[in-house]
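File shown: model.pdb (PDB, C-alpha atoms and all ligand atoms).
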```
ATOM      1  CA  MET A 224       0.000   0.000   0.000  1.00  0.00           C
ATOM      2  CA  ARG A 225       2.772   2.379   0.959  1.00  0.00           C
ATOM      3  CA  ASN A 226       4.706   1.522  -2.195  1.00  0.00           C
ATOM      4  CA  LEU A 227       1.671   2.174  -4.302  1.00  0.00           C
ATOM      5  CA  PHE A 228       1.403   5.560  -2.656  1.00  0.00           C
ATOM      6  CA  LEU A 229       5.052   6.343  -3.417  1.00  0.00           C
ATOM      7  CA  ALA A 230       4.623   5.157  -6.988  1.00  0.00           C
ATOM      8  CA  LEU A 231       1.668   7.464  -7.385  1.00  0.00           C
ATOM      9  CA  ILE A 232       3.650  10.416  -6.092  1.00  0.00           C
ATOM     10  CA  LEU A 233       6.487   9.589  -8.472  1.00  0.00           C
ATOM     11  CA  PHE A 234       4.057   9.224 -11.345  1.00  0.00           C
ATOM     12  CA  GLY A 235       2.508  12.552 -10.437  1.00  0.00           C
ATOM     13  CA  ALA A 236       5.924  14.180 -10.420  1.00  0.00           C
ATOM     14  CA  ILE A 237       6.756  12.761 -13.846  1.00  0.00           C
ATOM     15  CA  LEU A 238       3.417  13.927 -15.195  1.00  0.00           C
ATOM     16  CA  SER A 239       3.892  17.436 -13.917  1.00  0.00           C
ATOM     17  CA  VAL A 240       7.392  17.632 -15.420  1.00  0.00           C
ATOM     18  CA  ASN A 241       5.956  16.512 -18.750  1.00  0.00           C
ATOM     19  CA  ALA A 242       3.079  18.926 -18.457  1.00  0.00           C
ATOM     20  CA  GLN A 243       5.539  21.752 -17.985  1.00  0.00           C
ATOM     21  CA  THR A 244       7.631  20.884 -21.007  1.00  0.00           C
ATOM     22  CA  ASN A 245       4.641  20.187 -23.268  1.00  0.00           C
ATOM     23  CA  LEU A 246       2.747  23.346 -22.610  1.00  0.00           C
ATOM     24  CA  ALA A 247       2.585  25.663 -25.557  1.00  0.00           C
ATOM     25  CA  LEU A 248       2.552  28.821 -23.503  1.00  0.00           C
ATOM     26  CA  PRO A 249       5.896  29.943 -22.164  1.00  0.00           C
ATOM     27  CA  VAL A 250       6.230  30.850 -18.499  1.00  0.00           C
ATOM     28  CA  VAL A 251       7.683  34.301 -18.182  1.00  0.00           C
ATOM     29  CA  LYS A 252       9.243  35.907 -15.182  1.00  0.00           C
ATOM     30  CA  SER A 253       6.810  38.623 -14.397  1.00  0.00           C
ATOM     31  CA  SER A 254       7.214  41.612 -12.174  1.00  0.00           C
ATOM     32  CA  ILE A 255       4.926  44.613 -12.133  1.00  0.00           C
ATOM     33  CA  GLY A 256       6.131  47.815 -10.527  1.00  0.00           C
ATOM     34  CA  GLY A 257       8.710  45.849  -8.580  1.00  0.00           C
ATOM     35  CA  ILE A 258       6.194  43.287  -7.342  1.00  0.00           C
ATOM     36  CA  ASN A 259       7.042  39.759  -8.342  1.00  0.00           C
ATOM     37  CA  ILE A 260       4.347  37.519  -9.752  1.00  0.00           C
ATOM     38  CA  TYR A 261       4.842  33.852  -8.958  1.00  0.00           C
ATOM     39  CA  GLY A 262       3.262  30.785 -10.524  1.00  0.00           C
ATOM     40  CA  LYS A 263       2.946  30.561 -14.287  1.00  0.00           C
ATOM     41  CA  PRO A 264       2.472  34.027 -15.697  1.00  0.00           C
ATOM     42  CA  ILE A 265       2.738  34.359 -19.470  1.00  0.00           C
ATOM     43  CA  ASP A 266       2.869  38.121 -19.834  1.00  0.00           C
ATOM     44  CA  GLN A 267       3.497  41.321 -17.887  1.00  0.00           C
ATOM     45  CA  GLN A 268      -0.176  41.870 -17.077  1.00  0.00           C
ATOM     46  CA  THR A 269      -0.611  38.829 -14.826  1.00  0.00           C
ATOM     47  CA  ARG A 270      -2.234  36.583 -17.391  1.00  0.00           C
ATOM     48  CA  CYS A 271      -1.218  32.992 -16.742  1.00  0.00           C
ATOM     49  CA  GLN A 272      -1.295  29.603 -18.350  1.00  0.00           C
ATOM     50  CA  HIS A 273      -4.716  28.944 -16.826  1.00  0.00           C
ATOM     51  CA  TRP A 274      -6.437  32.283 -17.309  1.00  0.00           C
ATOM     52  CA  HIS A 275      -5.372  34.481 -20.172  1.00  0.00           C
ATOM     53  CA  SER A 276      -8.321  36.266 -21.680  1.00  0.00           C
ATOM     54  CA  GLU A 277      -8.318  39.983 -22.383  1.00  0.00           C
ATOM     55  CA  LEU A 278      -9.825  40.510 -18.912  1.00  0.00           C
ATOM     56  CA  ASP A 279      -7.503  38.359 -16.844  1.00  0.00           C
ATOM     57  CA  VAL A 280      -5.324  41.131 -15.531  1.00  0.00           C
ATOM     58  CA  ILE A 281      -5.207  40.771 -11.774  1.00  0.00           C
ATOM     59  CA  ALA A 282      -2.958  38.822  -9.481  1.00  0.00           C
ATOM     60  CA  ILE A 283      -3.921  37.805  -5.976  1.00  0.00           C
ATOM     61  CA  LYS A 284      -1.656  37.827  -2.986  1.00  0.00           C
ATOM     62  CA  PHE A 285      -2.105  34.631  -1.019  1.00  0.00           C
ATOM     63  CA  LYS A 286      -2.554  34.880   2.705  1.00  0.00           C
ATOM     64  CA  CYS A 287      -0.346  31.838   3.313  1.00  0.00           C
ATOM     65  CA  CYS A 288       2.845  33.077   1.678  1.00  0.00           C
ATOM     66  CA  GLU A 289       2.131  36.753   0.996  1.00  0.00           C
ATOM     67  CA  LYS A 290       3.124  36.255  -2.627  1.00  0.00           C
ATOM     68  CA  TYR A 291       1.228  37.329  -5.680  1.00  0.00           C
ATOM     69  CA  TYR A 292      -0.026  34.612  -8.006  1.00  0.00           C
ATOM     70  CA  PRO A 293      -2.176  35.097 -11.122  1.00  0.00           C
ATOM     71  CA  CYS A 294      -4.593  32.401 -10.004  1.00  0.00           C
ATOM     72  CA  PHE A 295      -5.383  29.602  -7.632  1.00  0.00           C
ATOM     73  CA  SER A 296      -4.034  26.927  -9.992  1.00  0.00           C
ATOM     74  CA  CYS A 297      -0.732  28.762 -10.254  1.00  0.00           C
ATOM     75  CA  HIS A 298      -0.432  28.607  -6.474  1.00  0.00           C
ATOM     76  CA  GLU A 299      -1.510  24.987  -6.418  1.00  0.00           C
ATOM     77  CA  GLU A 300       1.085  23.963  -8.990  1.00  0.00           C
ATOM     78  CA  GLU A 301       3.996  26.063  -7.823  1.00  0.00           C
ATOM     79  CA  ALA A 302       3.687  26.590  -4.080  1.00  0.00           C
ATOM     80  CA  ASP A 303       4.778  23.855  -1.694  1.00  0.00           C
ATOM     81  CA  HIS A 304       1.950  24.362   0.759  1.00  0.00           C
ATOM     82  CA  GLU A 305      -1.800  24.508   1.145  1.00  0.00           C
ATOM     83  CA  PRO A 306      -3.413  27.839   0.321  1.00  0.00           C
ATOM     84  CA  LYS A 307      -4.997  29.972   3.027  1.00  0.00           C
ATOM     85  CA  VAL A 308      -7.864  32.358   2.375  1.00  0.00           C
ATOM     86  CA  TRP A 309      -8.016  35.928   3.686  1.00  0.00           C
ATOM     87  CA  PRO A 310     -10.262  36.231   6.745  1.00  0.00           C
ATOM     88  CA  LYS A 311     -12.913  38.959   6.644  1.00  0.00           C
ATOM     89  CA  SER A 312     -11.094  40.853   9.382  1.00  0.00           C
ATOM     90  CA  GLU A 313      -8.233  41.445   6.951  1.00  0.00           C
ATOM     91  CA  PHE A 314     -10.166  42.554   3.903  1.00  0.00           C
ATOM     92  CA  ASP A 315      -8.504  45.944   4.169  1.00  0.00           C
ATOM     93  CA  SER A 316      -5.149  44.320   3.300  1.00  0.00           C
ATOM     94  CA  LYS A 317      -3.746  45.082  -0.097  1.00  0.00           C
ATOM     95  CA  ALA A 318      -3.981  41.737  -1.830  1.00  0.00           C
ATOM     96  CA  ILE A 319      -5.068  42.408  -5.405  1.00  0.00           C
ATOM     97  CA  LEU A 320      -2.705  43.697  -8.055  1.00  0.00           C
ATOM     98  CA  CYS A 321      -3.956  45.327 -11.240  1.00  0.00           C
ATOM     99  CA  GLY A 322      -1.727  43.945 -13.958  1.00  0.00           C
ATOM    100  CA  VAL A 323      -2.415  46.904 -16.226  1.00  0.00           C
ATOM    101  CA  CYS A 324      -1.298  49.792 -13.975  1.00  0.00           C
ATOM    102  CA  GLY A 325       0.383  47.984 -11.089  1.00  0.00           C
ATOM    103  CA  THR A 326      -1.927  49.400  -8.395  1.00  0.00           C
ATOM    104  CA  GLU A 327      -2.497  47.261  -5.319  1.00  0.00           C
ATOM    105  CA  LEU A 328      -6.090  47.147  -4.140  1.00  0.00           C
ATOM    106  CA  SER A 329      -7.385  45.959  -0.833  1.00  0.00           C
ATOM    107  CA  ILE A 330      -9.800  43.053  -0.958  1.00  0.00           C
ATOM    108  CA  SER A 331     -12.711  45.383  -0.090  1.00  0.00           C
ATOM    109  CA  ASP A 332     -11.624  47.842  -2.801  1.00  0.00           C
ATOM    110  CA  TYR A 333     -11.569  44.997  -5.258  1.00  0.00           C
ATOM    111  CA  GLN A 334     -14.921  43.579  -4.228  1.00  0.00           C
ATOM    112  CA  ASN A 335     -16.459  47.050  -4.516  1.00  0.00           C
ATOM    113  CA  SER A 336     -14.713  47.901  -7.768  1.00  0.00           C
ATOM    114  CA  ASN A 337     -17.455  46.657 -10.051  1.00  0.00           C
ATOM    115  CA  ASN A 338     -14.723  44.750 -11.879  1.00  0.00           C
ATOM    116  CA  THR A 339     -13.008  47.920 -12.997  1.00  0.00           C
ATOM    117  CA  CYS A 340      -9.645  49.136 -11.762  1.00  0.00           C
ATOM    118  CA  PRO A 341     -10.303  52.317  -9.756  1.00  0.00           C
ATOM    119  CA  LYS A 342      -6.977  53.733 -10.946  1.00  0.00           C
ATOM    120  CA  CYS A 343      -6.667  52.899 -14.637  1.00  0.00           C
ATOM    121  CA  LYS A 344     -10.215  51.749 -15.451  1.00  0.00           C
ATOM    122  CA  ALA A 345      -9.019  48.430 -16.822  1.00  0.00           C
ATOM    123  CA  ALA A 346     -11.814  45.874 -16.900  1.00  0.00           C
ATOM    124  CA  PHE A 347     -11.386  42.846 -14.656  1.00  0.00           C
ATOM    125  CA  ASN A 348     -12.905  39.473 -15.345  1.00  0.00           C
ATOM    126  CA  PRO A 349     -16.327  39.378 -13.636  1.00  0.00           C
ATOM    127  CA  GLY A 350     -16.078  35.581 -13.681  1.00  0.00           C
ATOM    128  CA  CYS A 351     -13.467  35.805 -10.921  1.00  0.00           C
ATOM    129  CA  SER A 352     -16.257  36.315  -8.411  1.00  0.00           C
ATOM    130  CA  LYS A 353     -17.122  32.638  -8.822  1.00  0.00           C
ATOM    131  CA  HIS A 354     -13.742  31.884  -7.289  1.00  0.00           C
ATOM    132  CA  TYR A 355     -13.773  34.277  -4.355  1.00  0.00           C
ATOM    133  CA  HIS A 356     -14.018  31.377  -1.943  1.00  0.00           C
ATOM    134  CA  LEU A 357     -10.605  30.152  -3.101  1.00  0.00           C
ATOM    135  CA  TYR A 358      -8.974  33.370  -1.958  1.00  0.00           C
ATOM    136  CA  PHE A 359     -11.241  35.103   0.536  1.00  0.00           C
ATOM    137  CA  GLU A 360     -13.399  34.045   3.424  1.00  0.00           C
ATOM    138  CA  THR A 361     -17.034  33.923   2.249  1.00  0.00           C
ATOM    139  CA  GLU A 362     -20.405  33.447   3.904  1.00  0.00           C
ATOM    140  CA  ASP A 363     -20.713  29.746   3.193  1.00  0.00           C
ATOM    141  CA  GLN A 364     -17.319  28.876   4.620  1.00  0.00           C
ATOM    142  CA  LYS A 365     -16.971  27.504   8.105  1.00  0.00           C
TER     143      LYS A 365
HETATM  144 ZN    ZN A 401       0.870  30.302  -0.472  1.00  0.00          ZN
HETATM  145 ZN    ZN A 402      -2.640  30.421 -13.247  1.00  0.00          ZN
HETATM  146 ZN    ZN A 403      -5.225  49.400 -12.998  1.00  0.00          ZN
END
```
Encoded form using structure tokens:
Amino acid sequence: MRNLFLALILFGAILSVNAQTNLALPVVKSSIGGINIYGKPIDQQTRCQHWHSELDVIAIKFKCCEKYYPCFSCHEEEADHEPKVWPKSEFDSKAILCGVCGTELSISDYQNSNNTCPKCKAAFNPGCSKHYHLYFETEDQK
């Protein structure tokens, strides 16, 4: 049983190495206004291998490591730990980065932004709200 478990981990590691080399999109080192973007960004506006539409221009700072990632999957694939969500009491922390102008927004600013950067008026992806629970404490979380 234990060996099977190890074999699975090994297999997973091989798969992820292959996945990285087979992906068509290149990973770029991204830094916006001196803030590093981790994970798998593909441009200088925080688009990543998972989310790269016209509107995907924000990065989220994760509570666990205080590093900006373009998305949850980027954190999942690149970070060596479980993600933590921001508790409501810390929604005034700056944890959202506009990839267009480099402004950092607090979580409340972002949630009240109507999916538009207050500084540069860039449009953010309204679909991100479906994923709030991956980053921020929400009502239905215990
Ligand atoms: Zn983290
Ligand atoms: Zn991503
Ligand atoms: Zn902006």
What do you get, as an mmCIF file with C-alpha atoms, keeping the file's coordinate frame, if you spell out every residue that the PyMOL selection byres (((chain A and resi 276-285) around 9) and not hetatm) selects here?
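The new file result.cif reads:
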```
data_model
loop_
_atom_site.group_PDB
_atom_site.id
_atom_site.type_symbol
_atom_site.label_atom_id
_atom_site.label_comp_id
_atom_site.auth_asym_id
_atom_site.auth_seq_id
_atom_site.Cartn_x
_atom_site.Cartn_y
_atom_site.Cartn_z
ATOM 1 C CA ILE A 260 4.347 37.519 -9.752
ATOM 2 C CA GLN A 268 -0.176 41.870 -17.077
ATOM 3 C CA THR A 269 -0.611 38.829 -14.826
ATOM 4 C CA ARG A 270 -2.234 36.583 -17.391
ATOM 5 C CA CYS A 271 -1.218 32.992 -16.742
ATOM 6 C CA TRP A 274 -6.437 32.283 -17.309
ATOM 7 C CA HIS A 275 -5.372 34.481 -20.172
ATOM 8 C CA LYS A 286 -2.554 34.880 2.705
ATOM 9 C CA CYS A 287 -0.346 31.838 3.313
ATOM 10 C CA CYS A 288 2.845 33.077 1.678
ATOM 11 C CA GLU A 289 2.131 36.753 0.996
ATOM 12 C CA LYS A 290 3.124 36.255 -2.627
ATOM 13 C CA TYR A 291 1.228 37.329 -5.680
ATOM 14 C CA TYR A 292 -0.026 34.612 -8.006
ATOM 15 C CA PRO A 293 -2.176 35.097 -11.122
ATOM 16 C CA CYS A 294 -4.593 32.401 -10.004
ATOM 17 C CA PHE A 295 -5.383 29.602 -7.632
ATOM 18 C CA HIS A 298 -0.432 28.607 -6.474
ATOM 19 C CA PRO A 306 -3.413 27.839 0.321
ATOM 20 C CA LYS A 307 -4.997 29.972 3.027
ATOM 21 C CA VAL A 308 -7.864 32.358 2.375
ATOM 22 C CA TRP A 309 -8.016 35.928 3.686
ATOM 23 C CA LYS A 317 -3.746 45.082 -0.097
ATOM 24 C CA ALA A 318 -3.981 41.737 -1.830
ATOM 25 C CA ILE A 319 -5.068 42.408 -5.405
ATOM 26 C CA LEU A 320 -2.705 43.697 -8.055
ATOM 27 C CA CYS A 321 -3.956 45.327 -11.240
ATOM 28 C CA GLY A 322 -1.727 43.945 -13.958
ATOM 29 C CA VAL A 323 -2.415 46.904 -16.226
ATOM 30 C CA ALA A 345 -9.019 48.430 -16.822
ATOM 31 C CA ALA A 346 -11.814 45.874 -16.900
ATOM 32 C CA PHE A 347 -11.386 42.846 -14.656
ATOM 33 C CA ASN A 348 -12.905 39.473 -15.345
ATOM 34 C CA PRO A 349 -16.327 39.378 -13.636
ATOM 35 C CA CYS A 351 -13.467 35.805 -10.921
ATOM 36 C CA TYR A 358 -8.974 33.370 -1.958
#
```
Using only C-alpha atoms and all ligand atoms, which residue out of A:Ser296, A:Asn337, A:Thr361, A:Ser331 lies closest to ligand ZN 401 (chain A)?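 Residue with the minimum atom-to-atom distance to ligand ZN 401 (chain A): A:Ser296.
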Measuring atom to atom with only C-alpha atoms and all ligand atoms, identify which of A:Ser329, A:Thr339, A:Ser254, A:Ser352 is nearest to ligand ZN 403 (chain A). A:Thr339
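Coordinates place CA of Gly325 (chain A) at a distance of 5.8 Å from CA of Gly256 (chain A).
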Just the number, please: distance in Å from CA of Glu313 (chain A) to CA of Ile330 (chain A), one decimal.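 Between these atoms lies a distance of 8.2 Å.
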